[in-house]
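K.L.:
Sending over entry27.tsv (TSV, C-alpha atoms and all ligand atoms).
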```tsv
chain	number	residue	atom	x	y	z
A	1	MET	CA	115.18	65.10	184.47
A	2	PRO	CA	112.21	66.23	182.32
A	3	ARG	CA	112.14	64.83	178.83
A	4	LYS	CA	112.72	67.48	176.09
A	5	SER	CA	110.50	67.82	173.08
A	6	PRO	CA	112.14	67.00	169.68
A	7	ARG	CA	111.88	70.71	168.64
A	8	SER	CA	113.61	72.01	171.74
A	9	ARG	CA	116.32	69.49	171.16
A	10	ARG	CA	116.92	70.76	167.61
A	11	ARG	CA	116.99	74.50	168.43
A	12	ARG	CA	119.63	76.00	170.54
A	13	THR	CA	119.06	79.19	172.46
A	14	PRO	CA	121.59	81.94	171.69
A	15	GLU	CA	124.24	82.50	174.23
A	16	PRO	CA	123.20	85.21	176.65
A	17	GLY	CA	125.33	88.24	177.34
A	18	LEU	CA	126.65	88.66	173.79
A	19	PRO	CA	124.71	91.60	172.26
A	20	GLY	CA	124.86	91.86	168.52
A	21	LYS	CA	125.96	88.30	168.06
A	22	ARG	CA	123.79	86.75	165.43
A	23	ARG	CA	122.65	83.28	164.98
A	24	PRO	CA	124.83	81.61	162.40
A	25	ARG	CA	123.21	81.30	158.99
A	26	ALA	CA	122.51	78.01	157.34
A	27	THR	CA	124.85	78.96	154.50
A	28	PRO	CA	128.03	80.26	155.96
A	29	GLY	CA	129.64	83.26	154.31
A	30	ARG	CA	126.38	84.80	153.03
A	31	SER	CA	124.49	87.59	154.73
A	32	HIS	CA	121.06	89.16	154.15
A	33	THR	CA	122.43	92.47	152.98
A	34	ARG	CA	124.81	92.33	150.12
A	35	LYS	CA	127.89	94.36	150.55
A	36	ARG	CA	129.31	96.01	147.54
A	37	VAL	CA	132.87	95.19	146.99
A	38	PRO	CA	134.56	98.14	145.32
A	39	SER	CA	136.01	97.02	142.07
A	40	ALA	CA	139.65	97.56	141.46
A	41	PRO	CA	140.38	100.56	139.25
A	42	VAL	CA	141.03	99.53	135.69
A	43	ALA	CA	143.84	101.27	133.95
A	44	HIS	CA	142.98	101.74	130.29
A	45	ALA	CA	145.97	101.56	128.07
A	46	PRO	CA	146.01	103.93	125.14
A	47	ARG	CA	144.72	102.49	121.92
A	48	GLY	CA	147.35	100.54	120.02
A	49	ALA	CA	149.75	100.38	123.02
A	50	ARG	CA	151.51	97.08	123.57
A	51	SER	CA	151.29	95.26	126.89
A	52	ALA	CA	154.37	95.46	129.06
A	53	PRO	CA	156.70	92.46	128.98
A	54	GLY	CA	155.77	89.98	131.68
A	55	SER	CA	152.26	91.41	132.14
A	56	ALA	CA	149.16	89.42	131.30
A	57	PRO	CA	148.16	89.68	127.66
A	58	ARG	CA	145.24	92.04	127.05
A	59	LEU	CA	141.97	90.50	125.98
A	60	GLN	CA	141.05	91.32	122.43
A	61	ALA	CA	137.48	92.55	121.93
A	62	ARG	CA	135.64	90.09	119.77
A	63	ARG	CA	134.70	91.69	116.51
A	64	ARG	CA	131.31	91.11	114.93
A	65	PRO	CA	131.34	89.79	111.40
A	66	ALA	CA	130.49	92.48	108.87
A	67	ALA	CA	126.78	92.57	107.91
A	68	PRO	CA	126.05	91.67	104.30
A	69	PRO	CA	125.16	94.67	102.11
A	70	ARG	CA	121.43	95.39	102.01
A	71	ALA	CA	119.54	94.99	98.76
A	72	LYS	CA	118.05	98.25	97.56
A	73	LEU	CA	114.29	98.19	97.75
A	74	ARG	CA	112.12	100.16	95.41
A	75	ARG	CA	109.97	102.26	97.68
A	76	ALA	CA	106.60	103.74	96.87
A	77	PRO	CA	106.45	107.53	97.05
A	78	ARG	CA	104.75	108.97	100.09
A	79	ALA	CA	101.03	109.39	99.67
A	80	GLY	CA	100.10	113.00	99.12
A	81	ALA	CA	103.74	114.00	98.60
A	82	GLU	CA	103.36	114.83	94.92
A	83	PRO	CA	100.41	117.12	94.28
A	84	ALA	CA	101.73	118.08	90.84
A	85	ARG	CA	101.86	114.46	89.73
A	86	VAL	CA	98.35	113.78	91.09
A	87	ALA	CA	97.07	116.90	89.30
A	88	ALA	CA	98.62	115.64	86.05
A	89	LEU	CA	96.98	112.22	86.49
A	90	LEU	CA	93.59	113.82	87.18
A	91	GLY	CA	93.88	116.05	84.10
A	92	ILE	CA	94.71	113.12	81.80
A	93	LEU	CA	91.97	110.91	83.24
A	94	GLU	CA	89.39	113.69	82.86
A	95	ARG	CA	90.34	114.14	79.21
A	96	LEU	CA	90.21	110.38	78.61
A	97	TYR	CA	86.78	109.86	80.22
A	98	PRO	CA	84.91	113.18	80.04
A	99	ASP	CA	81.42	111.69	80.31
A	100	ALA	CA	82.08	109.12	83.02
A	101	ALA	CA	78.87	107.99	84.71
A	102	THR	CA	77.83	104.81	86.43
A	103	PRO	CA	77.07	102.17	83.78
A	104	LEU	CA	74.27	100.67	85.91
A	105	LEU	CA	70.85	101.59	84.47
A	106	HIS	CA	68.60	103.22	87.07
A	107	ALA	CA	65.73	105.68	87.36
A	108	ASP	CA	66.11	106.52	91.06
A	109	ALA	CA	68.16	105.87	94.19
A	110	LEU	CA	66.38	102.62	95.05
A	111	GLN	CA	67.01	101.15	91.61
A	112	LEU	CA	70.70	102.07	91.78
A	113	LEU	CA	70.96	100.64	95.29
A	114	VAL	CA	69.43	97.32	94.17
A	115	ALA	CA	71.49	97.27	90.94
A	116	THR	CA	74.71	97.85	92.93
A	117	ILE	CA	73.86	94.95	95.25
A	118	LEU	CA	73.31	92.79	92.15
A	119	SER	CA	76.60	93.90	90.57
A	120	ALA	CA	78.72	92.06	93.15
A	121	GLN	CA	80.73	89.38	91.30
A	122	CYS	CA	78.82	90.23	88.12
A	123	THR	CA	79.27	92.48	85.10
A	124	ASP	CA	77.32	95.72	84.77
A	125	ALA	CA	76.06	94.56	81.38
A	126	ARG	CA	74.52	91.44	82.93
A	127	VAL	CA	72.88	93.49	85.70
A	128	ASN	CA	71.44	95.85	83.10
A	129	LEU	CA	69.81	92.88	81.36
A	130	VAL	CA	68.10	91.82	84.58
A	131	THR	CA	66.96	95.03	86.26
A	132	PRO	CA	64.30	96.30	83.77
A	133	ALA	CA	62.12	93.23	84.29
A	134	LEU	CA	62.84	93.23	88.03
A	135	PHE	CA	61.75	96.84	88.57
A	136	GLU	CA	58.71	96.41	86.34
A	137	ARG	CA	57.53	93.54	88.52
A	138	PHE	CA	58.57	95.11	91.86
A	139	PRO	CA	58.61	98.89	91.39
A	140	ASP	CA	59.40	100.06	94.95
A	141	ALA	CA	60.92	99.07	98.29
A	142	ALA	CA	57.61	97.83	99.73
A	143	ALA	CA	57.00	95.57	96.72
A	144	LEU	CA	60.55	94.16	96.88
A	145	ALA	CA	60.28	93.60	100.64
A	146	ALA	CA	57.00	91.69	100.22
A	147	ALA	CA	58.06	89.78	97.09
A	148	ASP	CA	57.87	86.03	96.91
A	149	ARG	CA	61.47	84.92	97.51
A	150	THR	CA	61.43	82.21	94.84
A	151	GLU	CA	60.08	84.59	92.20
A	152	LEU	CA	62.69	87.20	93.13
A	153	GLU	CA	65.48	84.64	92.94
A	154	GLU	CA	64.37	83.54	89.47
A	155	LEU	CA	64.38	87.12	88.21
A	156	ILE	CA	67.97	87.74	89.33
A	157	ARG	CA	69.34	84.20	88.94
A	158	SER	CA	71.68	85.05	86.02
A	159	THR	CA	73.64	87.58	88.11
A	160	GLY	CA	75.07	84.76	90.26
A	161	PHE	CA	74.84	84.23	94.03
A	162	TYR	CA	71.14	84.87	93.49
A	163	ARG	CA	69.98	83.40	96.80
A	164	ASN	CA	72.25	85.68	98.86
A	165	LYS	CA	71.45	88.66	96.68
A	166	ALA	CA	67.67	88.09	96.93
A	167	LYS	CA	67.98	87.85	100.70
A	168	ALA	CA	70.14	91.03	100.86
A	169	ILE	CA	67.68	92.98	98.66
A	170	GLN	CA	64.67	91.93	100.73
A	171	ASN	CA	66.37	92.63	104.08
A	172	CYS	CA	67.52	96.02	102.83
A	173	CYS	CA	64.06	96.94	101.48
A	174	THR	CA	62.37	95.75	104.69
A	175	ASP	CA	64.59	98.17	106.65
A	176	LEU	CA	63.95	100.95	104.14
A	177	VAL	CA	60.20	100.56	104.61
A	178	ALA	CA	60.38	100.20	108.40
A	179	LYS	CA	62.89	103.00	109.14
A	180	HIS	CA	62.88	105.38	106.18
A	181	GLY	CA	59.34	105.25	104.76
A	182	GLY	CA	60.56	103.31	101.72
A	183	GLU	CA	62.98	106.08	100.70
A	184	VAL	CA	66.74	105.70	100.33
A	185	PRO	CA	68.51	107.79	103.00
A	186	ARG	CA	71.11	110.41	102.04
A	187	SER	CA	73.87	109.83	104.55
A	188	MET	CA	76.72	107.37	104.75
A	189	GLU	CA	75.79	106.35	108.30
A	190	GLU	CA	72.17	105.59	107.46
A	191	LEU	CA	73.03	103.81	104.24
A	192	THR	CA	75.72	101.59	105.76
A	193	SER	CA	73.36	100.67	108.61
A	194	LEU	CA	71.10	98.94	106.03
A	195	PRO	CA	71.65	95.17	105.70
A	196	GLY	CA	73.91	94.26	102.77
A	197	VAL	CA	75.04	97.86	102.14
A	198	GLY	CA	78.73	98.65	102.59
A	199	ARG	CA	80.75	101.82	101.99
A	200	LYS	CA	81.27	101.01	98.31
A	201	THR	CA	77.54	100.70	97.57
A	202	ALA	CA	76.77	103.74	99.73
A	203	ASN	CA	79.36	105.85	97.89
A	204	VAL	CA	77.94	104.78	94.51
A	205	VAL	CA	74.43	105.90	95.53
A	206	LEU	CA	75.54	109.09	97.28
A	207	GLY	CA	77.77	110.18	94.38
A	208	SER	CA	75.61	109.19	91.42
A	209	VAL	CA	72.13	110.09	92.69
A	210	PHE	CA	72.54	112.70	95.43
A	211	GLY	CA	75.73	114.38	94.22
A	212	ILE	CA	77.42	113.81	97.58
A	213	PRO	CA	81.14	113.21	96.92
A	214	GLY	CA	82.67	109.89	97.83
A	215	ILE	CA	85.45	107.64	96.55
A	216	VAL	CA	84.18	104.24	95.49
A	217	VAL	CA	86.91	101.67	96.12
A	218	ASP	CA	86.26	98.58	94.05
A	219	THR	CA	88.84	96.11	92.74
A	220	HIS	CA	89.90	98.44	89.86
A	221	VAL	CA	90.32	101.50	92.07
A	222	GLN	CA	92.29	99.43	94.57
A	223	ARG	CA	94.66	98.06	91.90
A	224	LEU	CA	95.21	101.34	90.05
A	225	ALA	CA	95.69	103.43	93.18
A	226	GLN	CA	98.53	101.09	94.15
A	227	ARG	CA	100.13	100.92	90.69
A	228	LEU	CA	99.96	104.70	90.37
A	229	GLY	CA	101.73	105.05	93.72
A	230	LEU	CA	98.83	106.90	95.35
A	231	THR	CA	98.66	104.56	98.34
A	232	LYS	CA	100.25	101.44	99.75
A	233	GLU	CA	97.14	100.49	101.74
A	234	GLN	CA	95.35	97.22	101.04
A	235	ASP	CA	92.12	97.74	102.94
A	236	PRO	CA	89.38	99.53	100.88
A	237	VAL	CA	88.41	101.87	103.72
A	238	LYS	CA	92.05	102.84	104.30
A	239	ILE	CA	92.53	103.36	100.55
A	240	GLU	CA	89.50	105.66	100.52
A	241	ARG	CA	90.92	107.66	103.44
A	242	ALA	CA	94.36	107.83	101.80
A	243	LEU	CA	93.00	109.09	98.46
A	244	GLN	CA	90.62	111.71	99.82
A	245	PRO	CA	93.20	114.35	100.86
A	246	GLN	CA	95.03	114.06	97.52
A	247	MET	CA	92.28	115.75	95.49
A	248	PRO	CA	89.37	118.14	95.99
A	249	PRO	CA	86.08	116.50	97.12
A	250	ALA	CA	84.43	117.64	93.88
A	251	LYS	CA	86.64	115.13	92.04
A	252	TRP	CA	86.11	112.14	94.33
A	253	SER	CA	83.15	110.49	92.57
A	254	ALA	CA	84.46	111.16	89.06
A	255	PHE	CA	87.96	109.96	90.00
A	256	SER	CA	86.53	106.57	91.05
A	257	LEU	CA	84.72	106.22	87.74
A	258	TRP	CA	87.85	107.25	85.79
A	259	LEU	CA	89.93	104.59	87.52
A	260	ILE	CA	87.20	101.96	87.03
A	261	PHE	CA	87.03	102.69	83.28
A	262	HIS	CA	90.82	102.85	82.94
A	263	GLY	CA	91.18	99.60	84.88
A	264	ARG	CA	88.77	97.86	82.53
A	265	ARG	CA	90.22	99.20	79.28
A	266	VAL	CA	93.95	99.81	79.77
A	267	CYS	CA	95.35	99.02	83.21
A	268	VAL	CA	93.84	95.55	83.30
A	269	ALA	CA	94.69	93.22	86.15
A	270	ARG	CA	96.91	90.59	84.50
A	271	LYS	CA	98.61	92.45	81.65
A	272	PRO	CA	98.43	96.23	81.94
A	273	ARG	CA	98.86	97.95	78.57
A	274	CYS	CA	101.52	100.37	79.71
A	275	SER	CA	102.89	100.92	76.20
A	276	ILE	CA	99.64	102.60	75.11
A	277	CYS	CA	98.74	104.17	78.47
A	278	PRO	CA	98.58	107.99	78.52
A	279	LEU	CA	99.34	107.91	82.27
A	280	LEU	CA	102.74	106.27	81.72
A	281	PRO	CA	104.87	109.47	82.11
A	282	HIS	CA	103.38	109.98	85.59
A	283	CYS	CA	103.03	106.35	86.69
A	284	PRO	CA	105.69	104.52	88.78
A	285	ARG	CA	104.02	101.22	87.76
A	286	LEU	CA	104.38	99.83	91.25
A	287	GLY	CA	103.97	96.08	91.35
A	288	VAL	CA	104.03	95.81	87.53
A	289	ALA	CA	106.70	93.55	86.01
A	290	SER	CA	109.26	95.52	83.99
A	291	SER	CA	108.59	93.30	80.95
A	292	GLN	CA	105.00	94.61	80.71
B	301	LIG	S1	101.31	103.03	82.98
B	301	LIG	FE1	100.79	100.85	83.20
B	301	LIG	S2	100.60	100.53	85.40
B	301	LIG	FE2	100.51	102.75	85.07
B	301	LIG	S3	98.30	103.18	84.88
B	301	LIG	FE3	99.08	102.86	82.81
B	301	LIG	S4	98.71	100.70	82.37
B	301	LIG	FE4	98.55	100.98	84.61
```
Starting from the coordinates I provided, produce the structure as structure tokens.
Ligand code: SF4
P.N.:
Amino acid sequence: MPRKSPRSRRRRTPEPGLPGKRRPRATPGRSHTRKRVPSAPVAHAPRGARSAPGSAPRLQARRRPAAPPRAKLRRAPRAGAEPARVAALLGILERLYPDAATPLLHADALQLLVATILSAQCTDARVNLVTPALFERFPDAAALAAADRTELEELIRSTGFYRNKAKAIQNCCTDLVAKHGGEVPRSMEELTSLPGVGRKTANVVLGSVFGIPGIVVDTHVQRLAQRLGLTKEQDPVKIERALQPQMPPAKWSAFSLWLIFHGRRVCVARKPRCSICPLLPHCPRLGVASSQ
């Protein structure tokens, strides 16, 4: 008798002559295709009915514990939802600061651009002390671009961060000479493509020198726009976009200056002087402690 291989010994051939008979599965009682077993119809008793005597007690639905009452949150009004209030704010601010203009001394667009770069983390008064000597020594973009770095740093040292500022001024002026013939461009795109020039600086130059409207969002504008309930945004670019549709473009540049002046004199960061503020009847004082 021939010797069988171990595999042939393990497998058994199905019995012939039995069509449809399947090989038994490894797990008895389970098939490949699941058959749906129709569920028994459930008789729903009417609500409140008692179970019949002798029948199984009905399962009680587990009740969720009652949620604690929610604390009422003070919500900011929707931006742009109150044109009458915004108009009142604009009217008061215009009367308060009729001659609002940028406090940075300048004779042209380049000087304002450089002065605005210097004003970062520095007071306008300090910048105004520095710029006359700076522009006398380096009167144009080409002179600033070619200036000796150490000499430039010494001239602007008192404005703080003088090394970074000197580098930013020289990089910006180098680009102005190379791409714009030493002139300051008149568009937001061109200005913000210059090294060290962001939307805030570009809006200052466009609004104050070229009369092109723009909302300058500095720390004062950001704080006041939130306290006045004009926006809930935190990002300066989003604040700018949120404020724009709330007033005509002709007011954009002046509105920024009004808020900057009001933020310095009345609505100061730590202790706003609400009791003497003419905007109080129209201000929700969002984020201001009630004791102030
Ligand atoms: S009322 Fe108070 S919070 Fe509102 S703008 Fe005036 S100072 Fe600021």
K.L.:
Could you tell me, counting all atoms listed in the file, which protein and nucleic acid residues lie no more than 12 Å from ligand LIG 301 (chain B), written as a VMD selection string?
P.N.:
chain A and resid 89 to 90 92 to 93 220 to 230 258 to 292
K.L.:
Print the selection's residues with C-alpha atoms to a file, as a short mmCIF file (atom, residue, chain, number, x, y, z; two decimals), in the coordinates of the input.
P.N.:
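Writing the result to again_27.cif gives the following:
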```cif
data_model
loop_
_atom_site.label_atom_id
_atom_site.label_comp_id
_atom_site.auth_asym_id
_atom_site.auth_seq_id
_atom_site.Cartn_x
_atom_site.Cartn_y
_atom_site.Cartn_z
CA LEU A 89 96.98 112.22 86.49
CA LEU A 90 93.59 113.82 87.18
CA ILE A 92 94.71 113.12 81.80
CA LEU A 93 91.97 110.91 83.24
CA HIS A 220 89.90 98.44 89.86
CA VAL A 221 90.32 101.50 92.07
CA GLN A 222 92.29 99.43 94.57
CA ARG A 223 94.66 98.06 91.90
CA LEU A 224 95.21 101.34 90.05
CA ALA A 225 95.69 103.43 93.18
CA GLN A 226 98.53 101.09 94.15
CA ARG A 227 100.13 100.92 90.69
CA LEU A 228 99.96 104.70 90.37
CA GLY A 229 101.73 105.05 93.72
CA LEU A 230 98.83 106.90 95.35
CA TRP A 258 87.85 107.25 85.79
CA LEU A 259 89.93 104.59 87.52
CA ILE A 260 87.20 101.96 87.03
CA PHE A 261 87.03 102.69 83.28
CA HIS A 262 90.82 102.85 82.94
CA GLY A 263 91.18 99.60 84.88
CA ARG A 264 88.77 97.86 82.53
CA ARG A 265 90.22 99.20 79.28
CA VAL A 266 93.95 99.81 79.77
CA CYS A 267 95.35 99.02 83.21
CA VAL A 268 93.84 95.55 83.30
CA ALA A 269 94.69 93.22 86.15
CA ARG A 270 96.91 90.59 84.50
CA LYS A 271 98.61 92.45 81.65
CA PRO A 272 98.43 96.23 81.94
CA ARG A 273 98.86 97.95 78.57
CA CYS A 274 101.52 100.37 79.71
CA SER A 275 102.89 100.92 76.20
CA ILE A 276 99.64 102.60 75.11
CA CYS A 277 98.74 104.17 78.47
CA PRO A 278 98.58 107.99 78.52
CA LEU A 279 99.34 107.91 82.27
CA LEU A 280 102.74 106.27 81.72
CA PRO A 281 104.87 109.47 82.11
CA HIS A 282 103.38 109.98 85.59
CA CYS A 283 103.03 106.35 86.69
CA PRO A 284 105.69 104.52 88.78
CA ARG A 285 104.02 101.22 87.76
CA LEU A 286 104.38 99.83 91.25
CA GLY A 287 103.97 96.08 91.35
CA VAL A 288 104.03 95.81 87.53
CA ALA A 289 106.70 93.55 86.01
CA SER A 290 109.26 95.52 83.99
CA SER A 291 108.59 93.30 80.95
CA GLN A 292 105.00 94.61 80.71
#
```
K.L.:
Name the residues in contact with Gly181 in chain A at a cut-off of 12 Å, using only C-alpha atoms, excluding same-chain residues fewer than 6 positions from it; report them as a list in words.
P.N.:
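Using only C-alpha atoms, the neighbours found are Asp140, Ala141, Ala142, Cys173, Thr174 and Asp175 of chain A.
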K.L.:
Rounded to one decimal, what separation in Å do you get between CA of Gly160 in chain A and CA of Cys172 in chain A?
P.N.:
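According to the coordinates, CA of Gly160 in chain A and CA of Cys172 in chain A are separated by 18.5 Å.
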K.L.:
Could you check which of A:Leu104, A:Val127, A:Val216, A:Leu243 is closest to Tyr162 in chain A, using all atoms listed in the file?
P.N.:
A:Val127
K.L.:
If we count all atoms listed in the file and set the cut-off at 10 Å, which residues sit around Thr131 in chain A, ignoring sequence neighbours fewer than 5 positions away in its own chain? Please answer as an mmCIF file with C-alpha atoms, in the frame of the given file.
P.N.:
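Below is the file that was written, result.cif:
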```
data_model
loop_
_atom_site.group_PDB
_atom_site.id
_atom_site.type_symbol
_atom_site.label_atom_id
_atom_site.label_comp_id
_atom_site.auth_asym_id
_atom_site.auth_seq_id
_atom_site.Cartn_x
_atom_site.Cartn_y
_atom_site.Cartn_z
ATOM 1 C CA LEU A 104 74.270 100.670 85.910
ATOM 2 C CA LEU A 105 70.850 101.590 84.470
ATOM 3 C CA HIS A 106 68.600 103.220 87.070
ATOM 4 C CA GLN A 111 67.010 101.150 91.610
ATOM 5 C CA LEU A 112 70.700 102.070 91.780
ATOM 6 C CA VAL A 114 69.430 97.320 94.170
ATOM 7 C CA ALA A 115 71.490 97.270 90.940
ATOM 8 C CA LEU A 118 73.310 92.790 92.150
ATOM 9 C CA ARG A 126 74.520 91.440 82.930
ATOM 10 C CA GLU A 136 58.710 96.410 86.340
ATOM 11 C CA ARG A 137 57.530 93.540 88.520
ATOM 12 C CA LEU A 155 64.380 87.120 88.210
ATOM 13 C CA ILE A 156 67.970 87.740 89.330
#
```
K.L.:
Report, in Å with one decimal, the straight-line distance from CA of Val130 in chain A to CA of Ala202 in chain A.
P.N.:
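Straight-line distance from CA of Val130 in chain A to CA of Ala202 in chain A works out to 21.1 Å.
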K.L.:
Could you tell me which of A:Asp218, A:Gly207, A:Ala166, A:Phe138 comes closest to Pro195 in chain A if we count all atoms listed in the file?
P.N.:
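With all atoms listed in the file as the atom set, the closest residue is A:Ala166.
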K.L.:
Compile the contact shell of range 244-247 of chain A as a list in words: residues with an atom at most 9 Å away, counting all atoms listed in the file, same-chain residues fewer than 4 positions apart removed.
P.N.:
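Result of the neighbour search: Ala79, Gly80, Ala81, Glu82, Pro83, Val86, Ala87, Leu90, Gly214, Ile215, Leu230, Ile239, Glu240, Lys251 and Trp252 of chain A.
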K.L.:
Quick one: of A:Leu176, A:Asn171, A:Leu152, A:Arg163, who's nearest to Gly196 in chain A, counting all atoms listed in the file?
P.N.:
A:Asn171
K.L.:
The centre and edge lengths of an axis-aligned box containing all atoms of range 264-278 of chain A present in the file, extended by 4 Å on each side, are to be given in Å to one decimal, as AutoDock Vina command-line options.
P.N.:
```
--center_x 95.8 --center_y 99.3 --center_z 80.6 --size_x 22.1 --size_y 25.4 --size_z 19.0
```
K.L.:
What gap, in Å, lies between CA of Thr150 in chain A and CA of Lys167 in chain A?
P.N.:
10.4 Å
K.L.:
My list of candidates is A:Leu191, A:Lys232, A:Arg157, A:Leu134. Which is closest to Cys122 in chain A when distances are computed with all atoms listed in the file?
P.N.:
A:Arg157
K.L.:
Nearest residue to Asn203 in chain A out of A:Ser256, A:Ser158, A:Thr123, A:Thr231, using all atoms listed in the file?
P.N.:
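Of A:Ser256, A:Ser158, A:Thr123, A:Thr231, the one nearest Asn203 in chain A, counting all atoms listed in the file, is A:Ser256.
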